[in-house]
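Quick look at query.cif (mmCIF, C-alpha atoms):
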```cif
data_coords
loop_
_atom_site.group_PDB
_atom_site.id
_atom_site.type_symbol
_atom_site.label_atom_id
_atom_site.label_comp_id
_atom_site.auth_asym_id
_atom_site.auth_seq_id
_atom_site.Cartn_x
_atom_site.Cartn_y
_atom_site.Cartn_z
ATOM 1 C CA MET A 43 100.112 41.401 2.764
ATOM 2 C CA LEU A 44 99.677 38.390 0.475
ATOM 3 C CA LYS A 45 99.995 36.027 3.433
ATOM 4 C CA GLN A 46 97.292 37.903 5.338
ATOM 5 C CA PHE A 47 95.021 37.782 2.304
ATOM 6 C CA VAL A 48 95.460 33.990 1.930
ATOM 7 C CA VAL A 49 94.764 33.434 5.642
ATOM 8 C CA ALA A 50 91.637 35.577 5.449
ATOM 9 C CA LEU A 51 90.443 33.673 2.374
ATOM 10 C CA VAL A 52 90.956 30.294 4.074
ATOM 11 C CA LEU A 53 89.101 31.434 7.180
ATOM 12 C CA ALA A 54 86.241 32.805 5.094
ATOM 13 C CA SER A 55 86.044 29.577 3.111
ATOM 14 C CA SER A 56 86.021 27.515 6.326
ATOM 15 C CA GLY A 57 83.266 29.673 7.722
ATOM 16 C CA THR A 58 81.236 29.150 4.562
ATOM 17 C CA VAL A 59 81.689 25.360 4.730
ATOM 18 C CA PHE A 60 80.556 25.246 8.338
ATOM 19 C CA ALA A 61 77.646 27.581 7.620
ATOM 20 C CA ASN A 62 76.556 25.362 4.726
ATOM 21 C CA ASN A 63 76.792 22.282 6.918
ATOM 22 C CA ILE A 64 74.554 23.991 9.446
ATOM 23 C CA GLU A 65 71.801 24.125 6.819
ATOM 24 C CA PHE A 66 71.908 20.313 6.527
ATOM 25 C CA GLN A 67 72.703 19.656 10.178
ATOM 26 C CA ARG A 68 69.238 21.006 10.942
ATOM 27 C CA PHE A 69 67.903 17.810 9.345
ATOM 28 C CA GLU A 70 70.719 15.270 9.637
ATOM 29 C CA ASN A 71 71.685 15.601 13.295
ATOM 30 C CA GLN A 72 68.789 13.441 14.385
ATOM 31 C CA TYR A 73 67.541 10.162 15.828
ATOM 32 C CA ASN A 74 64.274 8.450 15.025
ATOM 33 C CA VAL A 75 62.069 5.383 15.245
ATOM 34 C CA GLY A 76 60.673 4.075 11.951
ATOM 35 C CA TYR A 77 57.944 1.706 10.786
ATOM 36 C CA GLY A 78 58.113 0.043 7.384
ATOM 37 C CA ASP A 79 55.861 -2.055 5.183
ATOM 38 C CA MET A 80 57.277 -4.052 2.284
ATOM 39 C CA SER A 81 56.423 -6.721 -0.258
ATOM 40 C CA GLY A 82 58.680 -8.913 -2.326
ATOM 41 C CA THR A 83 59.097 -11.706 -4.853
ATOM 42 C CA LEU A 84 60.654 -15.119 -4.253
ATOM 43 C CA VAL A 85 61.860 -17.367 -7.081
ATOM 44 C CA ASP A 86 63.333 -20.876 -7.211
ATOM 45 C CA GLY A 87 65.733 -22.477 -9.692
ATOM 46 C CA TYR A 88 62.847 -23.566 -11.922
ATOM 47 C CA ASP A 89 61.564 -19.967 -12.190
ATOM 48 C CA HIS A 90 58.562 -20.692 -9.989
ATOM 49 C CA LYS A 91 57.589 -17.463 -8.250
ATOM 50 C CA SER A 92 55.922 -16.614 -4.981
ATOM 51 C CA SER A 93 55.496 -13.500 -2.861
ATOM 52 C CA PHE A 94 55.900 -12.334 0.718
ATOM 53 C CA SER A 95 55.110 -9.318 2.851
ATOM 54 C CA ALA A 96 56.695 -7.972 6.021
ATOM 55 C CA GLN A 97 56.509 -5.134 8.505
ATOM 56 C CA THR A 98 59.639 -3.708 10.128
ATOM 57 C CA LEU A 99 60.701 -1.537 13.048
ATOM 58 C CA SER A 100 63.919 0.494 12.962
ATOM 59 C CA ILE A 101 65.999 2.775 15.184
ATOM 60 C CA GLU A 102 68.355 5.266 13.507
ATOM 61 C CA ILE A 103 70.947 7.753 14.787
ATOM 62 C CA GLU A 104 72.497 10.187 12.302
ATOM 63 C CA ARG A 105 75.180 12.873 12.661
ATOM 64 C CA LEU A 106 76.752 15.420 10.305
ATOM 65 C CA PHE A 107 79.825 17.051 11.845
ATOM 66 C CA ASP A 108 81.017 20.601 11.225
ATOM 67 C CA ASP A 109 83.951 19.364 9.139
ATOM 68 C CA GLY A 110 81.651 17.411 6.775
ATOM 69 C CA ILE A 111 82.117 13.915 8.184
ATOM 70 C CA TRP A 112 78.804 12.056 8.174
ATOM 71 C CA ILE A 113 77.894 8.911 10.151
ATOM 72 C CA ASP A 114 74.695 6.904 10.453
ATOM 73 C CA GLY A 115 73.712 3.845 12.499
ATOM 74 C CA ASN A 116 70.561 1.843 11.829
ATOM 75 C CA TYR A 117 69.090 -1.167 13.626
ATOM 76 C CA ASN A 118 66.246 -2.872 11.762
ATOM 77 C CA MET A 119 64.069 -5.845 12.689
ATOM 78 C CA VAL A 120 61.164 -7.660 11.028
ATOM 79 C CA THR A 121 58.162 -7.603 13.368
ATOM 80 C CA ASN A 122 55.688 -9.459 11.153
ATOM 81 C CA TYR A 123 56.233 -11.761 8.173
ATOM 82 C CA SER A 124 53.898 -13.649 5.824
ATOM 83 C CA GLN A 125 54.360 -15.877 2.784
ATOM 84 C CA PRO A 126 52.446 -18.806 1.258
ATOM 85 C CA ASN A 127 53.234 -22.332 2.451
ATOM 86 C CA LEU A 128 56.086 -23.437 0.182
ATOM 87 C CA GLU A 129 56.612 -26.749 2.020
ATOM 88 C CA PRO A 130 59.155 -27.478 4.795
ATOM 89 C CA LEU A 131 62.265 -26.614 2.767
ATOM 90 C CA ASN A 132 61.047 -23.037 2.196
ATOM 91 C CA GLY A 133 58.562 -22.586 5.046
ATOM 92 C CA GLY A 134 55.812 -20.045 5.357
ATOM 93 C CA ASN A 135 52.215 -19.769 6.507
ATOM 94 C CA GLY A 136 52.321 -22.328 9.274
ATOM 95 C CA SER A 137 54.014 -25.120 7.356
ATOM 96 C CA SER A 138 54.706 -27.936 9.773
ATOM 97 C CA ASN A 139 57.725 -30.051 10.677
ATOM 98 C CA VAL A 140 56.579 -32.979 8.568
ATOM 99 C CA CYS A 141 59.150 -35.632 7.678
ATOM 100 C CA THR A 142 60.235 -35.820 4.043
ATOM 101 C CA GLY A 143 61.367 -39.371 3.395
ATOM 102 C CA SER A 144 64.001 -40.142 6.013
ATOM 103 C CA ASN A 145 64.530 -36.442 6.805
ATOM 104 C CA CYS A 146 62.620 -35.105 9.821
ATOM 105 C CA ALA A 147 64.835 -32.116 10.582
ATOM 106 C CA ASN A 148 62.601 -29.339 9.233
ATOM 107 C CA TYR A 149 63.402 -27.036 12.116
ATOM 108 C CA GLY A 150 62.896 -23.776 10.253
ATOM 109 C CA SER A 151 59.463 -24.258 8.740
ATOM 110 C CA GLN A 152 57.986 -21.464 10.868
ATOM 111 C CA PHE A 153 60.262 -18.997 9.065
ATOM 112 C CA GLY A 154 60.180 -17.924 5.412
ATOM 113 C CA GLN A 155 62.731 -17.441 2.646
ATOM 114 C CA TYR A 156 63.376 -13.726 3.183
ATOM 115 C CA PRO A 157 66.534 -13.986 5.318
ATOM 116 C CA PHE A 158 67.128 -10.482 6.749
ATOM 117 C CA MET A 159 65.223 -10.729 10.024
ATOM 118 C CA PHE A 160 67.532 -8.428 12.032
ATOM 119 C CA SER A 161 70.328 -6.112 10.912
ATOM 120 C CA LEU A 162 72.725 -3.516 12.323
ATOM 121 C CA LEU A 163 74.304 -1.299 9.656
ATOM 122 C CA LEU A 164 76.839 1.504 10.126
ATOM 123 C CA LYS A 165 77.600 4.102 7.434
ATOM 124 C CA GLY A 166 80.347 6.697 7.254
ATOM 125 C CA GLY A 167 81.170 9.268 4.586
ATOM 126 C CA TYR A 168 81.891 12.879 3.745
ATOM 127 C CA ALA A 169 79.359 15.528 2.723
ATOM 128 C CA PHE A 170 80.292 17.804 -0.171
ATOM 129 C CA GLN A 171 78.424 21.068 -0.761
ATOM 130 C CA ILE A 172 77.582 21.119 -4.490
ATOM 131 C CA ILE A 173 75.359 24.191 -4.184
ATOM 132 C CA PRO A 174 76.123 25.884 -0.854
ATOM 133 C CA GLY A 175 73.253 25.472 1.572
ATOM 134 C CA LYS A 176 71.017 23.785 -1.054
ATOM 135 C CA LEU A 177 72.529 20.665 -2.648
ATOM 136 C CA GLN A 178 74.746 18.125 -0.895
ATOM 137 C CA LEU A 179 76.502 14.962 -2.131
ATOM 138 C CA THR A 180 77.586 12.348 0.437
ATOM 139 C CA PRO A 181 79.561 9.314 -0.766
ATOM 140 C CA TYR A 182 79.889 6.706 1.974
ATOM 141 C CA ALA A 183 80.921 3.186 2.942
ATOM 142 C CA MET A 184 78.777 0.745 4.917
ATOM 143 C CA LEU A 185 79.611 -2.148 7.239
ATOM 144 C CA GLY A 186 77.275 -4.307 9.271
ATOM 145 C CA ARG A 187 75.814 -7.623 10.210
ATOM 146 C CA SER A 188 72.415 -9.160 9.400
ATOM 147 C CA TYR A 189 70.864 -12.370 10.684
ATOM 148 C CA ASN A 190 70.081 -14.965 8.019
ATOM 149 C CA TRP A 191 66.992 -16.730 9.347
ATOM 150 C CA ALA A 192 65.644 -18.159 6.112
ATOM 151 C CA THR A 193 63.943 -21.538 6.550
ATOM 152 C CA SER A 194 66.510 -23.287 4.355
ATOM 153 C CA THR A 195 69.418 -21.929 6.425
ATOM 154 C CA VAL A 196 67.815 -22.887 9.740
ATOM 155 C CA ASN A 197 67.159 -26.379 8.363
ATOM 156 C CA ALA A 198 70.724 -26.735 7.127
ATOM 157 C CA ASN A 199 72.041 -25.742 10.543
ATOM 158 C CA GLY A 200 69.900 -28.363 12.249
ATOM 159 C CA GLY A 201 67.947 -25.704 14.110
ATOM 160 C CA ASP A 202 70.929 -25.068 16.403
ATOM 161 C CA ASN A 203 72.110 -21.657 17.651
ATOM 162 C CA LEU A 204 70.348 -19.180 15.366
ATOM 163 C CA ALA A 205 72.888 -16.529 16.382
ATOM 164 C CA SER A 206 75.440 -18.306 14.163
ATOM 165 C CA ASP A 207 73.302 -17.756 11.039
ATOM 166 C CA PHE A 208 74.278 -14.314 9.784
ATOM 167 C CA PHE A 209 75.700 -12.207 6.951
ATOM 168 C CA TYR A 210 78.630 -9.839 7.061
ATOM 169 C CA THR A 211 77.487 -6.864 4.997
ATOM 170 C CA GLY A 212 79.660 -4.274 3.267
ATOM 171 C CA GLY A 213 78.882 -1.728 0.595
ATOM 172 C CA LEU A 214 79.544 1.574 -1.143
ATOM 173 C CA GLY A 215 76.886 4.189 -1.711
ATOM 174 C CA GLY A 216 76.020 7.810 -2.215
ATOM 175 C CA LYS A 217 73.293 10.180 -1.093
ATOM 176 C CA VAL A 218 72.151 13.385 -2.809
ATOM 177 C CA SER A 219 70.244 15.794 -0.541
ATOM 178 C CA TYR A 220 68.332 18.908 -1.618
ATOM 179 C CA LYS A 221 67.047 21.443 0.908
ATOM 180 C CA ILE A 222 63.844 23.017 -0.369
ATOM 181 C CA ASN A 223 63.502 25.296 2.646
ATOM 182 C CA ASN A 224 64.070 25.230 6.398
ATOM 183 C CA SER A 225 61.246 22.696 6.792
ATOM 184 C CA ILE A 226 61.715 20.183 3.927
ATOM 185 C CA LEU A 227 64.712 18.154 2.761
ATOM 186 C CA LEU A 228 64.557 15.678 -0.139
ATOM 187 C CA TYR A 229 67.136 12.936 -0.728
ATOM 188 C CA LEU A 230 68.030 10.103 -3.094
ATOM 189 C CA ASP A 231 70.192 7.268 -1.737
ATOM 190 C CA GLU A 232 71.835 4.504 -3.800
ATOM 191 C CA ILE A 233 73.986 1.692 -2.411
ATOM 192 C CA TYR A 234 75.461 -1.547 -3.746
ATOM 193 C CA ALA A 235 76.176 -4.059 -0.974
ATOM 194 C CA TYR A 236 77.688 -7.528 -0.592
ATOM 195 C CA ASN A 237 76.060 -9.916 1.924
ATOM 196 C CA TRP A 238 78.552 -12.652 2.808
ATOM 197 C CA ASP A 239 76.814 -15.671 4.345
ATOM 198 C CA ASN A 240 78.569 -17.007 7.449
ATOM 199 C CA SER A 241 75.818 -19.308 8.648
ATOM 200 C CA GLY A 242 76.366 -22.766 10.079
ATOM 201 C CA ALA A 243 74.970 -24.077 6.806
ATOM 202 C CA VAL A 244 78.235 -23.241 5.070
ATOM 203 C CA LYS A 245 80.712 -23.139 7.954
ATOM 204 C CA SER A 246 80.195 -26.623 9.368
ATOM 205 C CA ILE A 247 77.310 -28.439 7.690
ATOM 206 C CA GLN A 248 77.203 -29.702 4.135
ATOM 207 C CA THR A 249 73.495 -29.852 3.401
ATOM 208 C CA SER A 250 71.813 -33.141 2.648
ATOM 209 C CA PRO A 251 71.856 -34.144 -1.048
ATOM 210 C CA ASP A 252 68.415 -35.712 -0.466
ATOM 211 C CA LEU A 253 66.995 -32.385 0.689
ATOM 212 C CA TYR A 254 68.905 -29.724 -1.257
ATOM 213 C CA GLY A 255 70.797 -31.391 -4.075
ATOM 214 C CA LYS A 256 73.745 -29.018 -3.545
ATOM 215 C CA THR A 257 75.644 -27.276 -0.797
ATOM 216 C CA TYR A 258 73.990 -24.049 0.225
ATOM 217 C CA ALA A 259 75.198 -20.502 0.841
ATOM 218 C CA ALA A 260 72.964 -17.457 0.742
ATOM 219 C CA THR A 261 75.683 -14.976 -0.276
ATOM 220 C CA ASN A 262 74.265 -12.231 -2.484
ATOM 221 C CA TYR A 263 74.672 -8.722 -3.859
ATOM 222 C CA THR A 264 72.000 -6.115 -3.160
ATOM 223 C CA LEU A 265 71.264 -2.876 -5.009
ATOM 224 C CA THR A 266 69.091 -0.527 -2.934
ATOM 225 C CA SER A 267 67.436 2.684 -4.128
ATOM 226 C CA THR A 268 65.707 5.008 -1.660
ATOM 227 C CA LEU A 269 63.789 8.219 -2.346
ATOM 228 C CA GLY A 270 62.754 10.110 0.762
ATOM 229 C CA ALA A 271 61.979 13.363 2.545
ATOM 230 C CA LYS A 272 62.479 14.857 6.003
ATOM 231 C CA PHE A 273 60.071 17.377 7.492
ATOM 232 C CA LYS A 274 60.841 19.732 10.359
ATOM 233 C CA VAL A 275 57.336 20.176 11.758
ATOM 234 C CA TYR A 276 57.830 21.836 15.163
ATOM 235 C CA LYS A 277 61.026 22.905 16.925
ATOM 236 C CA ASP A 278 63.136 19.690 17.155
ATOM 237 C CA LEU A 279 60.379 17.337 15.978
ATOM 238 C CA GLU A 280 61.175 15.734 12.614
ATOM 239 C CA LEU A 281 59.055 13.394 10.512
ATOM 240 C CA GLY A 282 60.400 11.243 7.695
ATOM 241 C CA ALA A 283 58.990 9.233 4.800
ATOM 242 C CA ASN A 284 60.648 7.205 2.061
ATOM 243 C CA THR A 285 60.007 4.595 -0.570
ATOM 244 C CA PHE A 286 62.625 1.960 -1.394
ATOM 245 C CA TRP A 287 63.440 -0.845 -3.823
ATOM 246 C CA ASN A 288 65.929 -3.718 -3.392
ATOM 247 C CA SER A 289 67.247 -5.988 -6.112
ATOM 248 C CA TYR A 290 69.069 -9.184 -5.052
ATOM 249 C CA GLN A 291 71.582 -11.156 -7.101
ATOM 250 C CA PRO A 292 72.387 -14.552 -5.499
ATOM 251 C CA GLN A 293 75.998 -15.692 -5.864
ATOM 252 C CA SER A 294 75.590 -19.198 -4.531
ATOM 253 C CA ASN A 295 75.435 -22.741 -5.820
ATOM 254 C CA ILE A 296 71.920 -23.160 -4.464
ATOM 255 C CA SER A 297 69.401 -25.892 -5.041
ATOM 256 C CA GLY A 298 66.818 -25.421 -7.762
ATOM 257 C CA LEU A 299 64.154 -26.307 -5.179
ATOM 258 C CA MET A 300 65.007 -23.380 -2.931
ATOM 259 C CA TYR A 301 63.320 -19.982 -3.112
ATOM 260 C CA THR A 302 65.379 -16.794 -2.778
ATOM 261 C CA PRO A 303 64.275 -13.123 -2.844
ATOM 262 C CA THR A 304 64.731 -11.234 -6.108
ATOM 263 C CA ASP A 305 63.042 -7.860 -5.588
ATOM 264 C CA THR A 306 61.486 -6.080 -2.633
ATOM 265 C CA TYR A 307 59.818 -2.699 -2.428
ATOM 266 C CA GLY A 308 58.029 -0.736 0.226
ATOM 267 C CA VAL A 309 57.589 2.432 2.254
ATOM 268 C CA GLN A 310 58.773 3.644 5.630
ATOM 269 C CA VAL A 311 57.694 6.466 7.935
ATOM 270 C CA SER A 312 59.587 7.754 10.966
ATOM 271 C CA ILE A 313 59.301 10.154 13.866
ATOM 272 C CA GLY A 314 62.285 11.592 15.694
ATOM 273 C CA LEU A 315 64.097 14.563 17.152
ATOM 274 C CA THR A 316 66.961 16.712 15.891
ATOM 275 C CA TYR A 317 69.779 17.775 18.188
#
```

Using the file provided, produce a representation of the structure as structure tokens.
Amino acid sequence: MLKQFVVALVLASSGTVFANNIEFQRFENQYNVGYGDMSGTLVDGYDHKSSFSAQTLSIEIERLFDDGIWIDGNYNMVTNYSQPNLEPLNGGNGSSNVCTGSNCANYGSQFGQYPFMFSLLLKGGYAFQIIPGKLQLTPYAMLGRSYNWATSTVNANGGDNLASDFFYTGGLGGKVSYKINNSILLYLDEIYAYNWDNSGAVKSIQTSPDLYGKTYAATNYTLTSTLGAKFKVYKDLELGANTFWNSYQPQSNISGLMYTPTDTYGVQVSIGLTY
């Protein structure tokens, strides 16, 4: 009798877990295309500051399984970028390949100092039901790769093989989701990531003391906060909107003349389908 009761309790609990997941699967089993607009601050070693703006395009596929396992893949690319002309070392706004002293290798002047031009990030975690069917907590890990196409990196690599200028990215994060009703889901996402620079600038080229003053690596930590919402508007059609903030902490022995991003913020909207 006791054994039958325990089995029945386990089965009932399993059914409840799956039923609760269904409430969030309505929103999280989805794929979408997103458009983002962001602005940011650049600063050099002498605390001189500048700004930049960018527009992005993203493709995301998300899945929450019946057993609570959650995965997410996101490809993001910068489609438009603008910053003031900060001279050939830092690029921006049509700065030209003008020789500086004996150095004429300003290959990257058409770029800027925000490095993350393309990225592919994969997340995986487990969704816990804090309040069944209403509140969900999903801790997760992230792995990925982002291209580091900052002007200074392209210069340091001699303009050769941009595919070799990239970060390995890894991080730990958590997402809290709250289902208001069958049409609206709110979420808060926090992640702390490490971007390990593997560009040619640090793998094979020691940058010119005349140009940089020091060897260069763009390795950094990033703290990202995202507040967003998902809207089920008609059958499988889902719209999304979020606002985000990134804070960067460089870890490198970089030149005081070089600008690096410190903070970025922006908004993103998306349109997709649930499945």

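Note that the spacing between atom CA of A:Ile226 and atom CA of A:Leu281 amounts to 9.8 Å.
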
### Task
Could you please determine the separation between atom CA of A:Thr306 and atom CA of A:Ser219 in Å, to one decimal place?
23.7 Å

### Query
Near A:Trp112, counting only C-alpha atoms, which residues have an atom at most 6 Å away, once you skip same-chain residues fewer than 2 positions from it, shown as a VMD selection string?
chain A and resid 105 to 106 166 to 168

### Query
From the set A:Phe209, A:Ser312, A:Lys217, A:Lys165, which residue has the shortest atom-to-atom contact distance to A:Tyr236, counting only C-alpha atoms?
A:Phe209

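Atom to atom, atom CA of A:Gly110 and atom CA of A:Ala169 stand 5.0 Å apart.
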
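This file, queried with the PyMOL selection byres ((chain A and resi 100-103) around 6), gives the residues Tyr73, Asn74, Val75, Gly76, Leu99, Glu104, Asp114, Gly115, Asn116, Tyr117 and Asn118 of chain A.
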
### Message
Please enumerate the residues selected by the PyMOL selection byres ((chain A and resi 270-272) around 7) when evaluated against the supplied file, formatted as a VMD selection string.
### Response
chain A and resid 226 to 230 268 to 269 273 to 274 280 to 285

### Message
Given all atoms listed in the file as the basis, pick out the residue of A:Ser225, A:Leu299, A:Pro157, A:Pro292 nearest to A:Val275.
### Response
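Of all the options, A:Ser225 lies closest to A:Val275.
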
When the PyMOL selection byres ((chain A and resi 158-160) around 7) is applied to the structure above, which residues does it catch, written out as a PDB file with C-alpha atoms, in the coordinates of the input?
```pdb
ATOM      1  CA  ASN A 118      66.246  -2.872  11.762  1.00  0.00           C
ATOM      2  CA  MET A 119      64.069  -5.845  12.689  1.00  0.00           C
ATOM      3  CA  VAL A 120      61.164  -7.660  11.028  1.00  0.00           C
ATOM      4  CA  TYR A 156      63.376 -13.726   3.183  1.00  0.00           C
ATOM      5  CA  PRO A 157      66.534 -13.986   5.318  1.00  0.00           C
ATOM      6  CA  SER A 161      70.328  -6.112  10.912  1.00  0.00           C
ATOM      7  CA  SER A 188      72.415  -9.160   9.400  1.00  0.00           C
ATOM      8  CA  TYR A 189      70.864 -12.370  10.684  1.00  0.00           C
ATOM      9  CA  ASN A 190      70.081 -14.965   8.019  1.00  0.00           C
ATOM     10  CA  TRP A 191      66.992 -16.730   9.347  1.00  0.00           C
TER      11      TRP A 191
END
```

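With all atoms listed in the file as the atoms that count, the minimum distance from A:Gln171 to the choices A:Asp109, A:Asp278, A:Asp305, A:Asp79 is reached by A:Asp109.
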
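Closest approach to A:Glu65 among A:Gly82, A:Pro130, A:Gly154, A:Pro174 is made by A:Pro174 (distances from all atoms listed in the file).
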
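If you measure from each of A:Thr304, A:Thr261, A:Asn203, A:Asn132 to A:Trp238 using only C-alpha atoms, the closest one turns out to be A:Thr261.
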
### Message
Excluding A:Leu204 and its own-chain neighbours fewer than 4 positions away, which residues fall within 10 Å of it when counting only C-alpha atoms? Please give them as a list in words.
### Response
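In the requested form, the answer reads Tyr189, Asn190, Trp191, Thr195, Val196, Asn199, Gly200, Phe208, Ser241 and Gly242 of chain A.
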
### Message
With all atoms listed in the file as the counted atoms, please give the residues lying no more than 6 Å from stretch 181-185 of chain A, apart from itself and same-chain residues fewer than 2 positions off, as a PyMOL selection string.
### Response
chain A and resi 163-167+211-216

### Message
Restricting the calculation to only C-alpha atoms: of A:Leu279, A:Ile173, A:Met300, A:Ala235, which residue gets closest to A:Glu129?
### Response
A:Met300
